[in-house]
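Chemist: Contents of target02.txt (compact mmCIF, C-alpha atoms) are given next:
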# COMPACT_ATOMS: atom_id res chain seq x y z
CA MET A 1 21.58 1.23 40.13
CA ILE A 2 23.72 3.36 37.82
CA PRO A 3 23.01 1.19 34.73
CA ILE A 4 19.26 1.46 35.31
CA LEU A 5 19.58 5.23 35.65
CA GLY A 6 21.53 5.23 32.41
CA LEU A 7 18.81 3.24 30.67
CA ALA A 8 16.09 5.59 31.94
CA ALA A 9 18.12 8.61 30.87
CA GLY A 10 18.59 7.08 27.42
CA VAL A 11 14.88 6.41 26.99
CA LEU A 12 14.05 9.96 28.08
CA LEU A 13 16.66 11.42 25.74
CA GLY A 14 15.35 9.40 22.83
CA LEU A 15 11.74 10.37 23.47
CA LEU A 16 12.50 14.05 24.13
CA PHE A 17 14.85 14.79 21.27
CA ASP A 18 13.30 12.38 18.81
CA PRO A 19 16.37 12.16 16.59
CA THR A 20 15.69 11.54 12.93
CA VAL A 21 17.16 8.29 11.74
CA PRO A 22 18.47 8.15 8.17
CA LEU A 23 16.16 6.14 5.96
CA TRP A 24 18.73 3.46 5.06
CA LEU A 25 19.25 2.71 8.75
CA GLN A 26 15.59 2.35 9.69
CA PRO A 27 15.08 -1.31 8.74
CA TYR A 28 17.92 -2.35 11.07
CA LEU A 29 16.66 -0.54 14.17
CA PRO A 30 14.25 -3.25 15.45
CA ILE A 31 16.90 -5.95 15.02
CA ALA A 32 19.46 -3.73 16.76
CA VAL A 33 17.05 -3.25 19.66
CA VAL A 34 16.55 -7.01 20.03
CA ALA A 35 20.32 -7.50 19.96
CA ALA A 36 20.77 -4.77 22.57
CA LEU A 37 18.12 -6.40 24.73
CA ASP A 38 20.04 -9.68 24.51
CA ALA A 39 23.25 -8.00 25.65
CA VAL A 40 21.47 -6.19 28.50
CA PHE A 41 19.82 -9.37 29.77
CA GLY A 42 23.17 -11.19 29.49
CA GLY A 43 24.85 -8.46 31.51
CA PHE A 44 22.16 -8.52 34.18
CA ARG A 45 22.41 -12.27 34.53
CA ALA A 46 26.22 -12.10 34.72
CA ARG A 47 25.87 -9.54 37.48
CA LEU A 48 23.57 -11.84 39.43
CA ASP A 49 26.00 -14.69 38.80
CA GLY A 50 28.71 -12.44 40.23
CA ILE A 51 30.89 -12.56 37.14
CA PHE A 52 29.90 -9.23 35.58
CA ASP A 53 32.63 -7.44 33.71
CA ALA A 54 32.19 -3.95 32.28
CA LYS A 55 34.54 -4.51 29.36
CA VAL A 56 32.84 -7.76 28.32
CA PHE A 57 29.43 -6.11 28.62
CA VAL A 58 30.31 -3.11 26.47
CA ILE A 59 32.03 -5.19 23.82
CA SER A 60 29.26 -7.77 23.70
CA PHE A 61 26.66 -4.99 23.41
CA VAL A 62 28.37 -3.20 20.56
CA SER A 63 29.28 -6.34 18.66
CA ASN A 64 25.78 -7.80 19.17
CA VAL A 65 24.10 -4.73 17.72
CA VAL A 66 26.53 -4.33 14.86
CA VAL A 67 26.59 -8.01 13.91
CA ALA A 68 22.80 -8.35 14.04
CA ALA A 69 22.36 -5.30 11.83
CA LEU A 70 25.11 -6.52 9.52
CA ILE A 71 23.56 -9.97 9.11
CA VAL A 72 20.24 -8.42 8.18
CA PHE A 73 21.95 -5.98 5.83
CA LEU A 74 23.78 -8.86 4.14
CA GLY A 75 20.50 -10.78 3.92
CA ASP A 76 18.84 -7.78 2.29
CA GLN A 77 21.59 -7.64 -0.30
CA LEU A 78 21.18 -11.35 -1.02
CA GLY A 79 17.39 -11.20 -1.07
CA VAL A 80 16.86 -13.24 2.09
CA GLY A 81 16.61 -10.30 4.49
CA ALA A 82 13.26 -11.29 5.96
CA GLN A 83 14.37 -14.89 6.57
CA LEU A 84 17.67 -13.83 8.16
CA SER A 85 15.83 -11.31 10.35
CA THR A 86 13.65 -14.17 11.53
CA ALA A 87 16.72 -16.30 12.21
CA VAL A 88 18.38 -13.52 14.22
CA VAL A 89 15.23 -12.82 16.19
CA VAL A 90 14.72 -16.53 16.94
CA VAL A 91 18.27 -17.07 18.19
CA LEU A 92 18.37 -13.85 20.21
CA GLY A 93 14.88 -14.50 21.50
CA ILE A 94 15.87 -17.93 22.79
CA ARG A 95 18.90 -16.41 24.49
CA ILE A 96 16.84 -13.63 26.06
CA PHE A 97 14.36 -16.20 27.28
CA GLY A 98 17.09 -18.39 28.76
CA ASN A 99 18.74 -15.45 30.50
CA ALA A 100 15.40 -14.22 31.79
CA ALA A 101 14.80 -17.70 33.25
CA ALA A 102 18.22 -17.62 34.94
CA ILE A 103 17.52 -14.16 36.34
CA ARG A 104 14.19 -15.42 37.63
CA ARG A 105 15.92 -18.31 39.40
CA HIS A 106 18.31 -15.84 41.02
CA VAL A 107 15.63 -13.40 42.11
CA PHE A 108 12.91 -15.77 43.28
CA ARG A 109 15.10 -18.77 44.09
CA ALA A 110 12.71 -20.91 42.07
CA MET B 1 23.46 -32.29 14.19
CA GLY B 2 20.19 -30.42 14.32
CA ALA B 3 19.59 -31.44 17.90
CA SER B 4 23.10 -30.50 19.00
CA LEU B 5 22.75 -27.07 17.39
CA LEU B 6 19.50 -26.48 19.23
CA ASP B 7 21.08 -27.74 22.45
CA ALA B 8 23.96 -25.32 22.04
CA VAL B 9 21.62 -22.41 21.46
CA LEU B 10 19.45 -23.38 24.41
CA ALA B 11 22.28 -24.16 26.85
CA GLU B 12 24.65 -21.30 26.10
CA THR B 13 22.45 -18.35 26.85
CA LEU B 14 25.20 -16.42 28.63
CA ASP B 15 28.17 -15.10 26.74
CA PRO B 16 31.12 -17.35 27.72
CA ALA B 17 33.28 -14.23 27.70
CA TYR B 18 31.90 -13.35 31.14
CA ALA B 19 33.16 -16.60 32.62
CA GLN B 20 36.52 -16.17 30.96
CA ALA B 21 36.85 -12.61 32.23
CA ALA B 22 35.94 -13.74 35.73
CA GLU B 23 38.58 -16.47 35.58
CA ALA B 24 41.19 -14.02 34.31
CA LYS B 25 40.27 -11.61 37.08
CA ALA B 26 40.56 -14.32 39.69
CA ALA B 27 43.96 -15.30 38.29
CA ARG B 28 45.12 -11.65 38.43
CA GLY B 29 43.75 -11.28 41.88
CA GLY B 30 41.28 -8.44 42.03
CA PRO B 31 40.35 -5.66 39.62
CA ALA B 32 43.29 -3.76 38.24
CA ARG B 33 41.35 -1.05 36.40
CA PRO B 34 39.70 1.77 38.33
CA ARG B 35 36.06 0.79 38.97
CA TRP B 36 34.45 4.15 38.08
CA ARG B 37 35.57 3.82 34.46
CA GLY B 38 33.76 0.53 34.06
CA ARG B 39 30.64 1.92 35.68
CA LEU B 40 30.65 4.95 33.42
CA LEU B 41 31.04 2.74 30.36
CA VAL B 42 28.18 0.50 31.46
CA ALA B 43 25.93 3.49 32.15
CA LEU B 44 26.79 4.95 28.75
CA THR B 45 26.02 1.66 27.00
CA MET B 46 22.72 1.38 28.83
CA ALA B 47 21.91 4.95 27.78
CA ILE B 48 22.61 4.00 24.18
CA ALA B 49 20.32 0.99 24.57
CA GLY B 50 17.60 3.28 25.94
CA VAL B 51 17.94 5.75 23.07
CA LEU B 52 17.85 2.89 20.59
CA ALA B 53 14.67 1.45 22.11
CA ALA B 54 12.96 4.84 22.35
CA VAL B 55 13.82 5.79 18.77
CA THR B 56 12.63 2.44 17.44
CA TYR B 57 9.40 2.77 19.38
CA ASP B 58 8.89 6.26 18.00
CA GLN B 59 9.55 5.05 14.50
CA ALA B 60 7.07 2.19 14.77
CA ALA B 61 4.41 4.48 16.24
CA ASP B 62 5.02 7.05 13.50
CA THR B 63 4.65 4.45 10.80
CA SER B 64 1.28 3.22 12.02
CA GLN B 65 0.08 6.79 12.58
CA GLY B 66 1.16 7.78 9.09
CA ARG B 67 -0.75 4.84 7.66
CA GLN B 68 -3.91 5.94 9.47
CA GLU B 69 -3.50 9.48 8.22
CA VAL B 70 -3.13 8.32 4.64
CA ARG B 71 -6.20 6.15 5.04
CA ALA B 72 -8.27 9.00 6.45
CA ALA B 73 -7.13 11.28 3.63
CA LEU B 74 -8.15 8.67 1.04
CA VAL B 75 -11.57 8.25 2.67
CA ARG B 76 -12.03 12.04 2.58
CA ASP B 77 -11.05 12.10 -1.09
CA ILE B 78 -13.54 9.37 -1.93
CA GLN B 79 -16.35 11.13 -0.09
CA ARG B 80 -15.60 14.44 -1.79
CA GLU B 81 -15.47 12.88 -5.23
CA SER B 82 -18.69 10.93 -4.76
CA GLU B 83 -20.38 14.17 -3.68
CA VAL B 84 -19.15 15.77 -6.89
CA SER B 85 -20.42 12.77 -8.84
CA ASP B 86 -23.84 12.99 -7.17
CA GLU B 87 -24.02 16.67 -7.98
CA LEU B 88 -23.15 16.01 -11.60
CA THR B 89 -25.82 13.31 -11.79
CA THR B 90 -28.48 15.72 -10.54
CA GLN B 91 -27.24 18.33 -12.97
CA LEU B 92 -27.40 15.80 -15.79
CA ALA B 93 -30.98 14.87 -14.91
CA GLU B 94 -31.99 18.54 -14.87
CA LEU B 95 -30.34 19.24 -18.20
CA ARG B 96 -31.89 16.15 -19.76
CA ALA B 97 -35.35 17.24 -18.60
CA GLU B 98 -34.68 20.69 -20.05
CA VAL B 99 -33.53 19.26 -23.37
CA SER B 100 -36.51 16.95 -23.74
CA SER B 101 -39.05 19.66 -22.79
CA THR B 102 -37.49 22.09 -25.27
CA ARG B 103 -37.48 19.35 -27.90
CA ASP B 104 -41.13 18.52 -27.21
CA GLU B 105 -42.08 22.20 -27.47
CA VAL B 106 -40.29 22.68 -30.76
CA LEU B 107 -41.56 19.44 -32.29
CA ALA B 108 -45.14 19.98 -31.15
CA ALA B 109 -45.28 23.18 -33.20
CA SER B 110 -45.51 21.38 -36.58
CA ALA B 111 -47.36 18.34 -37.93
CA VAL B 112 -44.15 16.62 -39.06
CA GLY B 113 -42.68 17.36 -35.68
CA GLN B 114 -45.73 15.89 -33.97
CA ASP B 115 -45.27 12.67 -35.98
CA ALA B 116 -41.62 12.57 -35.00
CA LEU B 117 -42.57 13.14 -31.40
CA ASP B 118 -45.00 10.21 -31.46
CA ASP B 119 -42.30 8.02 -33.00
CA LEU B 120 -39.87 9.15 -30.35
CA GLU B 121 -42.32 8.38 -27.56
CA ARG B 122 -42.86 4.86 -28.85
CA ALA B 123 -39.12 4.35 -29.21
CA GLU B 124 -38.50 5.68 -25.71
CA GLU B 125 -41.12 3.40 -24.27
CA SER B 126 -39.65 0.31 -25.87
CA ALA B 127 -36.14 1.43 -24.95
CA ALA B 128 -37.30 1.77 -21.33
CA ALA B 129 -36.10 5.36 -21.29
CA VAL B 130 -39.19 6.71 -19.51
CA PRO B 131 -40.68 5.66 -16.18
CA VAL B 132 -43.95 3.73 -16.42
CA THR B 133 -46.85 3.05 -14.07
CA GLY B 134 -49.58 0.50 -14.35
CA PRO B 135 -51.07 -2.79 -13.19
CA GLY B 136 -48.97 -5.91 -13.41
CA LEU B 137 -47.44 -8.95 -11.80
CA LEU B 138 -44.96 -8.99 -8.92
CA VAL B 139 -42.82 -12.13 -8.76
CA THR B 140 -40.68 -12.61 -5.67
CA LEU B 141 -37.68 -14.92 -5.62
CA ALA B 142 -35.64 -15.33 -2.44
CA ASN B 143 -32.78 -17.46 -1.16
CA ALA B 144 -33.62 -20.37 1.07
CA ASP B 145 -33.51 -19.51 4.78
CA PRO B 146 -30.42 -20.90 6.51
CA THR B 147 -31.28 -24.36 7.75
CA ALA B 148 -33.12 -24.32 11.03
CA ASP B 149 -31.32 -27.38 12.38
CA ALA B 150 -27.93 -25.64 12.20
CA ASP B 151 -25.86 -25.71 15.37
CA PRO B 152 -27.47 -23.12 17.66
CA VAL B 153 -24.37 -22.77 19.84
CA GLY B 154 -21.80 -22.21 17.11
CA GLY B 155 -24.20 -19.92 15.34
CA ALA B 156 -22.43 -20.61 12.06
CA THR B 157 -25.35 -21.07 9.73
CA GLU B 158 -23.79 -22.49 6.63
CA GLU B 159 -25.70 -21.64 3.52
CA ASP B 160 -26.26 -24.25 0.90
CA PRO B 161 -25.11 -22.74 -2.40
CA ARG B 162 -27.96 -24.56 -4.11
CA GLY B 163 -30.39 -22.59 -1.91
CA ARG B 164 -29.32 -19.34 -3.54
CA VAL B 165 -31.08 -17.60 -6.38
CA ALA B 166 -28.78 -17.63 -9.39
CA ASP B 167 -28.62 -15.27 -12.33
CA GLY B 168 -30.08 -18.03 -14.47
CA ASP B 169 -33.23 -18.21 -12.33
CA LEU B 170 -33.79 -14.47 -12.69
CA GLN B 171 -33.14 -14.64 -16.42
CA LEU B 172 -35.66 -17.41 -16.70
CA VAL B 173 -38.32 -15.48 -14.79
CA VAL B 174 -37.70 -12.31 -16.79
CA ASN B 175 -37.76 -14.10 -20.13
CA SER B 176 -40.96 -15.90 -19.21
CA LEU B 177 -42.50 -12.56 -18.25
CA TRP B 178 -41.51 -11.02 -21.57
CA ALA B 179 -42.93 -14.07 -23.34
CA ALA B 180 -46.13 -13.73 -21.33
CA GLY B 181 -46.60 -10.24 -22.73
CA ALA B 182 -45.02 -7.95 -20.16
CA GLU B 183 -44.58 -4.39 -21.41
CA ALA B 184 -41.91 -3.37 -18.92
CA VAL B 185 -39.88 -5.31 -16.36
CA SER B 186 -37.73 -4.27 -13.44
CA ILE B 187 -35.78 -6.17 -10.79
CA ASN B 188 -35.61 -4.53 -7.34
CA GLY B 189 -36.37 -1.17 -8.90
CA GLN B 190 -33.76 -1.61 -11.62
CA ARG B 191 -35.53 -1.25 -14.95
CA LEU B 192 -34.58 -3.64 -17.72
CA GLY B 193 -33.83 -2.00 -21.04
CA PRO B 194 -33.29 -3.74 -24.35
CA THR B 195 -29.56 -4.12 -23.71
CA THR B 196 -29.66 -4.82 -19.98
CA ALA B 197 -27.81 -7.93 -18.87
CA ILE B 198 -28.52 -10.07 -15.80
CA ARG B 199 -25.41 -11.83 -14.66
CA PHE B 200 -23.42 -13.16 -11.76
CA ALA B 201 -20.32 -11.54 -10.31
CA GLY B 202 -18.97 -13.50 -7.40
CA GLU B 203 -21.96 -13.96 -5.12
CA ALA B 204 -23.93 -10.93 -6.26
CA VAL B 205 -26.41 -10.75 -9.07
CA LEU B 206 -25.79 -7.77 -11.31
CA VAL B 207 -28.56 -6.12 -13.27
CA ASP B 208 -27.24 -3.55 -15.71
CA PHE B 209 -23.87 -3.88 -13.89
CA ARG B 210 -25.41 -2.79 -10.60
CA PRO B 211 -25.75 -5.31 -7.79
CA VAL B 212 -29.21 -6.32 -6.60
CA THR B 213 -29.69 -8.29 -3.42
CA ASN B 214 -31.90 -10.98 -2.00
CA PRO B 215 -34.95 -11.00 -2.04
CA TYR B 216 -35.41 -10.34 -5.72
CA GLU B 217 -38.66 -8.64 -6.67
CA VAL B 218 -39.40 -8.80 -10.36
CA SER B 219 -42.14 -6.37 -11.38
CA ALA B 220 -43.75 -6.68 -14.79
CA ILE B 221 -46.33 -4.32 -16.22
CA GLY B 222 -49.11 -5.73 -18.32
CA ASP B 223 -52.61 -7.07 -17.90
CA PRO B 224 -52.30 -8.96 -14.58
CA ASP B 225 -54.65 -11.81 -15.42
CA THR B 226 -53.21 -12.58 -18.86
CA LEU B 227 -49.68 -12.20 -17.52
CA ALA B 228 -50.35 -14.50 -14.58
CA SER B 229 -52.05 -17.22 -16.58
CA ARG B 230 -49.45 -17.23 -19.37
CA PHE B 231 -46.55 -16.94 -16.95
CA LEU B 232 -47.71 -19.79 -14.75
CA THR B 233 -48.46 -22.16 -17.59
CA SER B 234 -45.04 -21.79 -19.21
CA PRO B 235 -43.02 -25.00 -18.76
CA GLU B 236 -39.86 -23.14 -17.67
CA VAL B 237 -41.69 -21.57 -14.77
CA GLY B 238 -43.07 -24.97 -13.82
CA ALA B 239 -39.55 -26.36 -13.72
CA LEU B 240 -38.35 -23.42 -11.64
CA ALA B 241 -41.22 -23.88 -9.21
CA ALA B 242 -40.26 -27.54 -8.80
CA ILE B 243 -36.64 -26.61 -8.18
CA SER B 244 -37.67 -23.93 -5.66
CA GLU B 245 -39.76 -26.49 -3.83
CA LEU B 246 -36.82 -28.88 -3.72
CA TYR B 247 -34.26 -26.40 -2.37
CA ASP B 248 -36.63 -24.30 -0.23
CA LEU B 249 -36.29 -21.19 -2.39
CA ARG B 250 -39.04 -18.67 -1.98
CA PHE B 251 -40.98 -18.24 -5.21
CA ASP B 252 -44.17 -16.17 -4.95
CA TYR B 253 -46.23 -14.06 -7.27
CA SER B 254 -48.98 -11.54 -6.75
CA GLU B 255 -51.15 -9.43 -9.02
CA GLU B 256 -50.73 -5.73 -8.35
CA ASP B 257 -53.02 -2.88 -9.30
CA GLU B 258 -50.31 -0.32 -9.55
CA LEU B 259 -46.60 -0.84 -10.12
CA ARG B 260 -44.15 2.02 -10.61
CA LEU B 261 -41.13 1.28 -12.74
CA PRO B 262 -38.33 3.85 -13.08
CA ALA B 263 -36.55 4.63 -16.33
CA ALA B 264 -33.63 2.47 -17.29
CA ASN B 265 -30.19 3.94 -17.80
CA THR B 266 -30.23 5.75 -21.07
CA PRO B 267 -28.05 3.75 -23.42
CA GLU B 268 -25.06 5.45 -24.90
CA LEU B 269 -25.50 6.96 -28.30
CA ARG B 270 -23.71 4.56 -30.62
CA LEU B 271 -24.97 5.35 -34.07
CA ALA B 272 -25.84 8.71 -35.56
CA ARG B 273 -26.59 9.58 -39.17
CA PRO B 274 -26.95 12.98 -40.84
CA GLU B 275 -30.44 13.65 -42.14
CA GLY B 276 -31.10 12.69 -45.75
CA ASP B 277 -28.31 10.15 -45.77
CA SER B 278 -29.28 6.53 -46.06
Will you turn the file into structure tokens for me?
Modeler:
Amino acid sequence: MIPILGLAAGVLLGLLFDPTVPLWLQPYLPIAVVAALDAVFGGFRARLDGIFDAKVFVISFVSNVVVAALIVFLGDQLGVGAQLSTAVVVVLGIRIFGNAAAIRRHVFRA
Amino acid sequence: MGASLLDAVLAETLDPAYAQAAEAKAARGGPARPRWRGRLLVALTMAIAGVLAAVTYDQAADTSQGRQEVRAALVRDIQRESEVSDELTTQLAELRAEVSSTRDEVLAASAVGQDALDDLERAEESAAAVPVTGPGLLVTLANADPTADADPVGGATEEDPRGRVADGDLQLVVNSLWAAGAEAVSINGQRLGPTTAIRFAGEAVLVDFRPVTNPYEVSAIGDPDTLASRFLTSPEVGALAAISELYDLRFDYSEEDELRLPAANTPELRLARPEGDS
């Protein structure tokens, strides 16, 4: 319950205060969001599996976001930013899909 | 290799660190750290995720909104400038009328001036610089109708490119009309001057660099009977009629008692010479 409250509070904060993001950071935001989504789904599934661990969740979240942004940044520097973004989104998307399927099996027993 | 990579990605959707942590916890025998700290951390992380998502959403919405605003501003600019251009065109027409009436007044005062005025009138007529009215011939050329046996369900009536009127057809008609003795010719209300070109640009026919569309009505002023008989007996027109028959183009003509042809665009002044110089 507390994590969901935290998420709702975060969304409200972001919408209310509308913080300005520095221009150089803007291209990495969508990728960071996808990475964060992956970590959140992973955490939710781990919780349903009964093996959730706060430390693992926090570390995986931070490292996911940072690494995803970093890969895209590196790709931008090398001139393959768009392709690497696609790669990151594909891999994370598959993982999100797999975790969502596992969560579905837990919730609906099907 | 490729398959095993895909398998790994597909099978390992959960971070293995969770399993390891669970094993370590089981080995230790219960949580050692106070539970509220972990909960706080998780809530904080989730809050960060929320902020991240909200900010990204805002950003994306802003971008598309900004694009629309720029577009609207550009449309406004275009409208304003074309209004200005219309206004200037009207102003130009007024000023031109003023200039020519003043010129006529001044020239009409003397005999030499009268001669010059007559010369000018003839020149203007042949340069298509004045509107003309009179009897003549109206030739209509039109693209073939989309084939009737086209698929009625799909509704995609594919046009045969050969069933379209080309610039060459119009050139042929116009040239035949000139040869038949036409005094003035216009296509869809676009008067042909001595330097007017008829050409293709993409799929549109341009007359004097302005697009004209199907159907094409070619009006020619002259004695209708002479025009019609000479026009119809010319071999080029015969060939065109045969082609039109073959590809279902519409190719009609009618004799008209009164045709109104506007003035052509006044050509730019290209050559001027001081008086007395030769």
Chemist: Which residues are near Gly134 (chain B)? Cut-off 12 Å, only C-alpha atoms, ignore same chain within fewer than 3 positions. Put them as a list in words.
Modeler: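 Skipping anything fewer than 3 positions along the chain leaves Pro131, Leu137, Leu138, Ala182, Glu183, Ala184, Val185, Ser219, Ala220, Ile221, Gly222, Asp223, Pro224, Glu255, Glu256, Asp257, Glu258, Leu259, Arg260, Leu261 and Pro262 of chain B.
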Chemist: Give the answer as one residue: which of A:Leu23, A:Val58, A:Leu13, A:Ile4 has the shortest atom-to-atom distance to Gly42 (chain A), using all atoms listed in the file?
Modeler: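 The closest residue to Gly42 (chain A) is A:Val58.
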Chemist: Using all atoms listed in the file, tabulate the residues of chain A lying at most 7 Å from any atom of chain B, each with its closest atom pair and that distance in Å to one decimal, by chain and increasing residue number, as a tab-separated table.
Modeler:
residue	atom	partner	partner_atom	distance
A:Ile2	CA	B:Ala43	CA	6.1
A:Pro3	CA	B:Ala43	CA	4.5
A:Gly6	CA	B:Ala47	CA	4.7
A:Leu7	CA	B:Ala47	CA	4.6
A:Ala8	CA	B:Gly50	CA	6.6
A:Ala9	CA	B:Ala47	CA	6.1
A:Gly10	CA	B:Ala47	CA	4.0
A:Val11	CA	B:Gly50	CA	4.3
A:Leu13	CA	B:Val51	CA	6.4
A:Gly14	CA	B:Val51	CA	4.5
A:Leu15	CA	B:Ala54	CA	5.8
A:Asp18	CA	B:Val55	CA	6.6
A:Leu29	CA	B:Thr56	CA	6.0
A:Pro30	CA	B:Thr56	CA	6.2
A:Val33	CA	B:Ala53	CA	5.8
A:Ala36	CA	B:Ala49	CA	6.1
A:Gly42	CA	B:Leu14	CA	5.7
A:Ala46	CA	B:Tyr18	CA	6.8
A:Ile51	CA	B:Ala22	CA	5.4
A:Phe52	CA	B:Tyr18	CA	6.4
A:Asp53	CA	B:Tyr18	CA	6.5
A:Ala54	CA	B:Gly38	CA	5.1
A:Lys55	CA	B:Gly38	CA	6.9
A:Val56	CA	B:Tyr18	CA	6.3
A:Val58	CA	B:Thr45	CA	6.4
A:Ile94	CA	B:Leu10	CA	6.7
A:Arg95	CA	B:Thr13	CA	4.7
A:Gly98	CA	B:Thr13	CA	5.7
A:Asn99	CA	B:Thr13	CA	6.0
Chemist: Tell me, as JSON, numbers by chain, which residues lie within 6 Å of Ala32 (chain A), counting all atoms listed in the file; anything in the same chain fewer than 3 positions away does not count.
Modeler: {"A": [29, 35, 65, 69]}
Chemist: Quick one: of B:Arg191, B:Arg67, B:Arg103, B:Arg164, who's nearest to Val207 (chain B), counting all atoms listed in the file?
Modeler: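 Comparing B:Arg191, B:Arg67, B:Arg103, B:Arg164 against Val207 (chain B), the winner is B:Arg191.
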Chemist: Name the closest residue to Glu121 (chain B) among the candidates B:Pro135, B:Ala180, B:Leu206, B:Ser100; distances are taken between atoms, counting all atoms listed in the file.
Modeler: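 Looking only at the distances to Glu121 (chain B), the closest residue turns out to be B:Ser100.
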Chemist: Kindly list the centre and edge lengths in Å, rounded to one decimal, for the axis-aligned box that covers all listed atoms of region 181-185 of chain B plus 6 Å on each of its six sides, as JSON.
Modeler:
{"center_x": -43.2, "center_y": -6.8, "center_z": -19.5, "size_x": 18.7, "size_y": 18.9, "size_z": 18.4}
Chemist: CA of Thr196 (chain B) and CA of Val237 (chain B), how far apart in Å?
Modeler: 21.3 Å
Chemist: Could you complete region 85-99 of chain A so that it carries N, CA, C and O atoms, and give it back as a PDB file, in the frame of the given file?
Modeler:
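The new file result.pdb reads:
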ATOM      1  N   SER A  85      16.360 -12.044   9.186  1.00  0.00           N
ATOM      2  CA  SER A  85      15.830 -11.310  10.350  1.00  0.00           C
ATOM      3  C   SER A  85      15.154 -12.289  11.288  1.00  0.00           C
ATOM      4  O   SER A  85      15.351 -12.242  12.499  1.00  0.00           O
ATOM      5  N   THR A  86      14.331 -13.174  10.703  1.00  0.00           N
ATOM      6  CA  THR A  86      13.650 -14.170  11.530  1.00  0.00           C
ATOM      7  C   THR A  86      14.665 -15.020  12.280  1.00  0.00           C
ATOM      8  O   THR A  86      14.515 -15.271  13.480  1.00  0.00           O
ATOM      9  N   ALA A  87      15.708 -15.456  11.563  1.00  0.00           N
ATOM     10  CA  ALA A  87      16.720 -16.300  12.210  1.00  0.00           C
ATOM     11  C   ALA A  87      17.354 -15.561  13.383  1.00  0.00           C
ATOM     12  O   ALA A  87      17.493 -16.113  14.485  1.00  0.00           O
ATOM     13  N   VAL A  88      17.740 -14.298  13.157  1.00  0.00           N
ATOM     14  CA  VAL A  88      18.380 -13.520  14.220  1.00  0.00           C
ATOM     15  C   VAL A  88      17.430 -13.358  15.404  1.00  0.00           C
ATOM     16  O   VAL A  88      17.814 -13.558  16.562  1.00  0.00           O
ATOM     17  N   VAL A  89      16.184 -13.047  15.108  1.00  0.00           N
ATOM     18  CA  VAL A  89      15.230 -12.820  16.190  1.00  0.00           C
ATOM     19  C   VAL A  89      14.994 -14.115  16.969  1.00  0.00           C
ATOM     20  O   VAL A  89      14.891 -14.105  18.203  1.00  0.00           O
ATOM     21  N   VAL A  90      14.945 -15.251  16.246  1.00  0.00           N
ATOM     22  CA  VAL A  90      14.720 -16.530  16.940  1.00  0.00           C
ATOM     23  C   VAL A  90      15.874 -16.838  17.883  1.00  0.00           C
ATOM     24  O   VAL A  90      15.676 -17.142  19.065  1.00  0.00           O
ATOM     25  N   VAL A  91      17.105 -16.719  17.355  1.00  0.00           N
ATOM     26  CA  VAL A  91      18.270 -17.070  18.190  1.00  0.00           C
ATOM     27  C   VAL A  91      18.377 -16.126  19.385  1.00  0.00           C
ATOM     28  O   VAL A  91      18.528 -16.566  20.530  1.00  0.00           O
ATOM     29  N   LEU A  92      18.263 -14.807  19.108  1.00  0.00           N
ATOM     30  CA  LEU A  92      18.370 -13.850  20.210  1.00  0.00           C
ATOM     31  C   LEU A  92      17.209 -14.015  21.182  1.00  0.00           C
ATOM     32  O   LEU A  92      17.387 -13.903  22.400  1.00  0.00           O
ATOM     33  N   GLY A  93      16.038 -14.310  20.625  1.00  0.00           N
ATOM     34  CA  GLY A  93      14.880 -14.500  21.500  1.00  0.00           C
ATOM     35  C   GLY A  93      15.070 -15.668  22.439  1.00  0.00           C
ATOM     36  O   GLY A  93      14.756 -15.577  23.636  1.00  0.00           O
ATOM     37  N   ILE A  94      15.620 -16.768  21.917  1.00  0.00           N
ATOM     38  CA  ILE A  94      15.870 -17.930  22.790  1.00  0.00           C
ATOM     39  C   ILE A  94      16.856 -17.556  23.890  1.00  0.00           C
ATOM     40  O   ILE A  94      16.679 -17.888  25.068  1.00  0.00           O
ATOM     41  N   ARG A  95      17.892 -16.799  23.496  1.00  0.00           N
ATOM     42  CA  ARG A  95      18.900 -16.410  24.490  1.00  0.00           C
ATOM     43  C   ARG A  95      18.292 -15.502  25.553  1.00  0.00           C
ATOM     44  O   ARG A  95      18.559 -15.654  26.753  1.00  0.00           O
ATOM     45  N   ILE A  96      17.483 -14.537  25.096  1.00  0.00           N
ATOM     46  CA  ILE A  96      16.840 -13.630  26.060  1.00  0.00           C
ATOM     47  C   ILE A  96      15.966 -14.436  27.015  1.00  0.00           C
ATOM     48  O   ILE A  96      15.974 -14.229  28.234  1.00  0.00           O
ATOM     49  N   PHE A  97      15.253 -15.389  26.455  1.00  0.00           N
ATOM     50  CA  PHE A  97      14.360 -16.200  27.280  1.00  0.00           C
ATOM     51  C   PHE A  97      15.154 -16.995  28.315  1.00  0.00           C
ATOM     52  O   PHE A  97      14.792 -17.038  29.506  1.00  0.00           O
ATOM     53  N   GLY A  98      16.252 -17.603  27.834  1.00  0.00           N
ATOM     54  CA  GLY A  98      17.090 -18.390  28.760  1.00  0.00           C
ATOM     55  C   GLY A  98      17.662 -17.534  29.868  1.00  0.00           C
ATOM     56  O   GLY A  98      17.649 -17.916  31.051  1.00  0.00           O
ATOM     57  N   ASN A  99      18.173 -16.347  29.502  1.00  0.00           N
ATOM     58  CA  ASN A  99      18.740 -15.450  30.500  1.00  0.00           C
ATOM     59  C   ASN A  99      17.681 -14.961  31.469  1.00  0.00           C
ATOM     60  O   ASN A  99      17.930 -14.851  32.677  1.00  0.00           O
TER      61      ASN A  99
END
